[in-house]
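Worksheet: the structure to be examined is printed underneath.
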Amino acid sequence: MKNGLISPEIIEKLTQIVGSDFIFTDEETRRNYGHDETEDYNFPPSVLLKPADTAEISAILKLANEHLIPVTPIGGQTGLSGGALSIHQGIGLAMERLNKILEIDENNLQITVEPAVITQVLREAVAEKGLFYPPDPSSQGSCWIGGNVAENAGGARAVKYGVTKDYVLNLEVVLPSGEIIWTGANTLKNSTGYNLTQLMVGSEGTLGVITKIVLKLLPQNQHTILMLVPFFNANQACEAVAKIFHAGIVPSALEFMERDAIDWTLRYIDGVNVEIKDEIQAHLLIEVDGNYPEILFNEAEKISVVLEQFEIDEILFADSEEQKNALWKLRRAVGEAVKSNSIYKEEDTVVPRYELPKLLLGIKEIGKKYGFKSVCYGHAGDGNLHVNIVKENMSDENWQTEIPKGIREIFELTVSLKGTLSGEHGIGYVQKNYMDIAFSKVQMDLMRNIKNVFDPNEILNPGKIFPDLC
């Protein structure tokens with residue numbers, strides 16, 4: 001393994017690159033940058049750097065590559081797979097100073113940004129110009145666009161508009177050698193050679209450090225209808241998802257929340273009041289959007305007709321922007337609410353949407369087998385179910401020994417349903433040893449060979465994606 005410890009001589013050279021105000025070796029700072037939102041892990045780097053621009057990052061990587069020092073890019077620290085953890089110490093590369101919106105090109109509906117721009121800030125900046133950037137992770141108020149690209153983040157509106165990869169046109173990237181490249185072109189079509197842009201998207205900081213991002217934008221829709229649908233049976237809520245699409249409707253969002261998810265979140269946040277009957281097991285949060293209210297009302301009516309086939313209570317139609325915002329606040333806070341209740345592990349399963357009922361039922365059966373409780377919610381419209389396994393009163397021994405077996409069975413079930421391990425959170429540190437479930441040795445060797453082409457010395461974000469070798 002590469003040497004995560006750094007000599008005083010290297011510290012001096014790094015100081016010359018970033019300046020004495022932007023290099024940190026004290027324990028407090030290193031620990032502050034040693035975690036993200038993945039469980040309770042903390043892996044501090046040996047030294048924390050805050051570079052100002054592409055040139056400084058290039059110089060850092062060149063030096064690290066020459067001396068075989070691990071480098072871990074660190075973004076907004078909102079990740080859920082441990083992608084920003086400095087597993088092998090070395091250099092923590094905090095990207096926070098690269099935080100500028102460089103250009104909004106209204107003529108071509110494009111935006112060029114640096115990686116530390118907060119996703120919600122980007123979305124609001126283009127909305128002021130009547131434009132729309134659809135990807136909207138639940139952490140959009142704190143996550144950064146660079147991390148979204150690195151993880152290929154999705155969000156509630158991926159069901160209609162797609163995920164981050166569908167909006168990335170071009171990237172400026174610093175390779176582990178220190179070389180700087182642009183991966184593509186600022187065009188909507190590009191059939192010129194291998195698609196290096198899409199190779200970088202979702203690569204979790206293992207192939208290069210992204211320093212500039214060109215994204216395509218859409219015109220902003222003017223109207224939405226949002227409805228909260230209570231189900232007396234959670235599996236029926238999952239069954240209803242595919243039926244809505246069969247009726248010819250593509251919602252802009254279709255979210256699933258089982259009972260505990262809503263109950264825990266209502267206790268966790270203020271300003272949201274939803275009356276829920278004791279018999280209700282799950283909710284769907286459904287949104288349609290567009291520019292013509294009469295069309296949206298017609299789509300909402302069609303959805304209501306579909307839902308009448310199932311055991312539901314009265315549908316709540318949000319009748320104001322304030323109520324819409326409250327319902328979205330409820331949905332986006334679920335993950336934080338679960339975390340506040342118990343030690344937990346979160347899995348990011350995704351299957352073809354028609355298979356959601358089988359996935360949910362199977363997860364609950366596996367929970368009974370291994371003695372754990374799960375709280376499930378997620379982007380049902382694209383088959384993405386977040387599975388929060390909560391410790392509660394489980395013994396530490398069972399938590400350490402039984403839960404990994406249960407997680408492996410959940411992933412085996414997911415893959416058997418033609419799904420995969422992660423829909424939007426990435427593999428990172430916590431899921432890497434389950435990759436054999438989704439990929440053969442041939443596939444994993446291909447991925448390792450790609451990594452080796454970009455990073456032959458394996459300095460960049462080591463300890464991620466690839467399973468530990470026995």
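The chains in the structure tokens are called A, B, ... from first to last as shown; in each chain the residues are counted from 1, and the ligands are counted from 1 in the order shown.
Across segment 243-274 of chain A, DSSP run on the backbone finds strand (DSSP E) at Ala253, Leu254, Glu255, Phe256, Met257 and Glu258 of chain A.
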- Query: Got a sec to tell me which of segment 85-311 of chain A DSSP assigns to alpha helix (DSSP H), as a PyMOL selection string?
  - Reply: chain A and resi 119-127+145-151+158-161+196-200+234-246+259-268+293-307
Can I get the selection written as a compact mmCIF listing (two decimals), in the first residue's frame, with C-alpha atoms?
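Generated output (out-v9.txt):
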# COMPACT_ATOMS: atom_id res chain seq x y z
CA THR A 119 -26.38 22.12 -5.80
CA GLN A 120 -29.30 24.18 -4.53
CA VAL A 121 -27.38 27.43 -5.14
CA LEU A 122 -26.83 26.31 -8.74
CA ARG A 123 -30.50 25.39 -9.18
CA GLU A 124 -31.67 28.73 -7.75
CA ALA A 125 -29.18 30.71 -9.86
CA VAL A 126 -30.48 29.24 -13.11
CA ALA A 127 -34.12 29.43 -11.94
CA ILE A 145 -22.13 19.64 -7.66
CA GLY A 146 -18.66 18.07 -7.87
CA GLY A 147 -19.73 15.31 -5.50
CA ASN A 148 -22.95 14.88 -7.48
CA VAL A 149 -20.87 14.28 -10.61
CA ALA A 150 -18.46 11.95 -8.80
CA GLU A 151 -21.34 9.81 -7.47
CA ALA A 158 -34.75 11.57 -11.83
CA VAL A 159 -37.85 9.55 -12.74
CA LYS A 160 -38.77 12.08 -15.45
CA TYR A 161 -35.60 14.05 -16.06
CA LEU A 196 -14.29 10.11 -21.31
CA THR A 197 -16.86 12.51 -19.84
CA GLN A 198 -19.27 9.73 -18.88
CA LEU A 199 -16.39 7.56 -17.67
CA MET A 200 -15.56 10.27 -15.13
CA ALA A 234 -47.18 -0.93 1.82
CA ASN A 235 -46.82 -3.53 -0.91
CA GLN A 236 -49.82 -2.06 -2.71
CA ALA A 237 -48.09 1.31 -2.67
CA CYS A 238 -45.19 -0.29 -4.52
CA GLU A 239 -47.55 -2.05 -6.94
CA ALA A 240 -49.25 1.26 -7.76
CA VAL A 241 -46.00 2.73 -9.05
CA ALA A 242 -45.81 0.66 -12.24
CA LYS A 243 -49.57 1.02 -12.79
CA ILE A 244 -49.23 4.81 -12.99
CA PHE A 245 -46.72 4.49 -15.81
CA HIS A 246 -48.87 1.88 -17.57
CA ARG A 259 -45.00 4.37 7.95
CA ASP A 260 -41.98 4.56 10.25
CA ALA A 261 -40.23 6.92 7.84
CA ILE A 262 -43.04 9.45 8.09
CA ASP A 263 -43.64 9.01 11.82
CA TRP A 264 -39.97 9.49 12.69
CA THR A 265 -39.65 12.48 10.37
CA LEU A 266 -42.73 14.23 11.74
CA ARG A 267 -41.19 13.99 15.21
CA TYR A 268 -37.82 15.20 13.89
CA PRO A 293 -52.53 23.61 -15.75
CA GLU A 294 -55.39 21.92 -17.59
CA ILE A 295 -53.04 19.16 -18.80
CA LEU A 296 -51.69 18.69 -15.27
CA PHE A 297 -55.18 18.45 -13.79
CA ASN A 298 -55.99 15.80 -16.41
CA GLU A 299 -52.85 13.83 -15.49
CA ALA A 300 -53.64 14.09 -11.77
CA GLU A 301 -57.14 12.80 -12.48
CA LYS A 302 -55.74 9.81 -14.40
CA ILE A 303 -53.41 9.03 -11.50
CA SER A 304 -56.35 9.21 -9.07
CA VAL A 305 -58.28 6.70 -11.19
CA VAL A 306 -55.31 4.31 -11.10
CA LEU A 307 -54.99 4.68 -7.33
- Suppose you want the space between atom CA of Asp348 of chain A and atom CA of Asn384 of chain A; what is it in Å? 7.0 Å
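Proximity of A:Leu413, A:Ala282, A:Val390, A:Ile10 to Phe231 of chain A, computed with only C-alpha atoms, is greatest for A:Ala282.
The interatomic distance for the pair atom CA of Ser416 of chain A and atom CA of Lys369 of chain A works out to 18.7 Å.
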Closest-contact table, segment 153-244 of chain A side, partner segment 47-53 of chain A, 12 Å, counting only C-alpha atoms, as CSV:
residue,atom,partner,partner_atom,distance
A:Glu172,CA,A:Asp53,CA,11.6
A:Val173,CA,A:Asp53,CA,11.7
A:Val174,CA,A:Asp53,CA,10.8
A:Ile180,CA,A:Asp53,CA,11.9
A:Val209,CA,A:Asp53,CA,11.5
A:Ile210,CA,A:Asp53,CA,11.0
A:Thr211,CA,A:Asp53,CA,7.7
A:Lys212,CA,A:Asp53,CA,9.9
Residues of the last selection are to be written out with C-alpha atoms, as a PDB file, in the first residue's frame.
ATOM      1  CA  GLU A 172     -12.003  19.735 -16.740  1.00  0.00           C
ATOM      2  CA  VAL A 173     -10.093  17.018 -14.895  1.00  0.00           C
ATOM      3  CA  VAL A 174      -6.691  16.791 -13.247  1.00  0.00           C
ATOM      4  CA  ILE A 180      -4.989  18.636 -17.027  1.00  0.00           C
ATOM      5  CA  VAL A 209     -10.062  15.305  -9.759  1.00  0.00           C
ATOM      6  CA  ILE A 210     -12.857  17.283 -11.396  1.00  0.00           C
ATOM      7  CA  THR A 211     -12.163  21.036 -11.393  1.00  0.00           C
ATOM      8  CA  LYS A 212     -14.724  22.476 -13.857  1.00  0.00           C
TER       9      LYS A 212
END
Could you name the residues that touch Phe454 of chain A at 10 Å or less, counting only C-alpha atoms, but leaving out those on the same chain fewer than 3 positions away, as a PDB file with N, CA and C atoms, in the first residue's frame?
ATOM      1  N   LEU A 175      -5.593  14.719 -13.838  1.00  0.00           N
ATOM      2  CA  LEU A 175      -5.272  13.299 -13.716  1.00  0.00           C
ATOM      3  C   LEU A 175      -4.290  13.074 -12.565  1.00  0.00           C
ATOM      4  N   PRO A 176      -4.157  11.846 -12.086  1.00  0.00           N
ATOM      5  CA  PRO A 176      -3.226  11.580 -10.993  1.00  0.00           C
ATOM      6  C   PRO A 176      -1.786  11.994 -11.295  1.00  0.00           C
ATOM      7  N   SER A 177      -1.430  12.032 -12.561  1.00  0.00           N
ATOM      8  CA  SER A 177      -0.079  12.465 -12.956  1.00  0.00           C
ATOM      9  C   SER A 177       0.118  13.970 -12.840  1.00  0.00           C
ATOM     10  N   THR A 206     -11.829   8.329  -8.228  1.00  0.00           N
ATOM     11  CA  THR A 206     -10.762   7.331  -8.338  1.00  0.00           C
ATOM     12  C   THR A 206      -9.944   7.472  -9.620  1.00  0.00           C
ATOM     13  N   LEU A 207     -10.432   8.252 -10.588  1.00  0.00           N
ATOM     14  CA  LEU A 207      -9.738   8.376 -11.877  1.00  0.00           C
ATOM     15  C   LEU A 207      -9.120   9.749 -12.092  1.00  0.00           C
ATOM     16  N   GLY A 208      -9.667  10.772 -11.485  1.00  0.00           N
ATOM     17  CA  GLY A 208      -9.180  12.132 -11.651  1.00  0.00           C
ATOM     18  C   GLY A 208      -9.925  13.060 -10.717  1.00  0.00           C
ATOM     19  N   ASN A 449      -8.457  -2.543 -14.665  1.00  0.00           N
ATOM     20  CA  ASN A 449      -7.562  -2.143 -15.738  1.00  0.00           C
ATOM     21  C   ASN A 449      -7.781  -0.690 -16.144  1.00  0.00           C
ATOM     22  N   ILE A 450      -9.038  -0.236 -16.127  1.00  0.00           N
ATOM     23  CA  ILE A 450      -9.323   1.170 -16.405  1.00  0.00           C
ATOM     24  C   ILE A 450      -8.680   2.050 -15.332  1.00  0.00           C
ATOM     25  N   LYS A 451      -8.857   1.658 -14.086  1.00  0.00           N
ATOM     26  CA  LYS A 451      -8.221   2.387 -12.977  1.00  0.00           C
ATOM     27  C   LYS A 451      -6.707   2.460 -13.185  1.00  0.00           C
ATOM     28  N   ASN A 457      -0.183   4.211 -10.237  1.00  0.00           N
ATOM     29  CA  ASN A 457       0.395   4.144  -8.891  1.00  0.00           C
ATOM     30  C   ASN A 457      -0.661   4.045  -7.789  1.00  0.00           C
ATOM     31  N   GLU A 458      -1.931   4.064  -8.184  1.00  0.00           N
ATOM     32  CA  GLU A 458      -3.056   3.895  -7.252  1.00  0.00           C
ATOM     33  C   GLU A 458      -2.994   4.878  -6.088  1.00  0.00           C
ATOM     34  N   LEU A 460      -4.949   7.760  -6.118  1.00  0.00           N
ATOM     35  CA  LEU A 460      -6.146   8.601  -6.050  1.00  0.00           C
ATOM     36  C   LEU A 460      -7.326   7.846  -5.447  1.00  0.00           C
TER      37      LEU A 460
END
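For Glu103 of chain A, the list of residues within 8 Å, based on only C-alpha atoms and with local chain neighbours fewer than 4 positions off taken out, reads Ile111, Thr112 and Val113 of chain A.
Of the residues under consideration (A:Thr414, A:Asn341, A:Thr15, A:Gln431), A:Asn341 shows the shortest atom-to-atom contact distance to Lys391 of chain A when counting only C-alpha atoms.
A straight line drawn from atom CA of Arg157 of chain A to atom CA of Ser252 of chain A is 5.3 Å long.
If you count only C-alpha atoms and ignore residues fewer than 3 places along the chain from Asn291 of chain A, what sits within 6 Å of it is A:Asn221, A:Gln222, A:His223.
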Write the residues you've just listed into a file as a compact mmCIF listing (two decimals), in the first residue's frame, and include C-alpha atoms for each of them.
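Here's the written file result-v7.txt:
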# COMPACT_ATOMS: atom_id res chain seq x y z
CA ASN A 221 -41.76 24.57 -16.07
CA GLN A 222 -44.27 26.95 -14.53
CA HIS A 223 -46.71 24.68 -12.69
- From the set A:Ala326, A:Ile403, A:Ala253, A:Ala318, which residue has the shortest atom-to-atom contact distance to Gly371 of chain A, counting only C-alpha atoms? A:Ile403
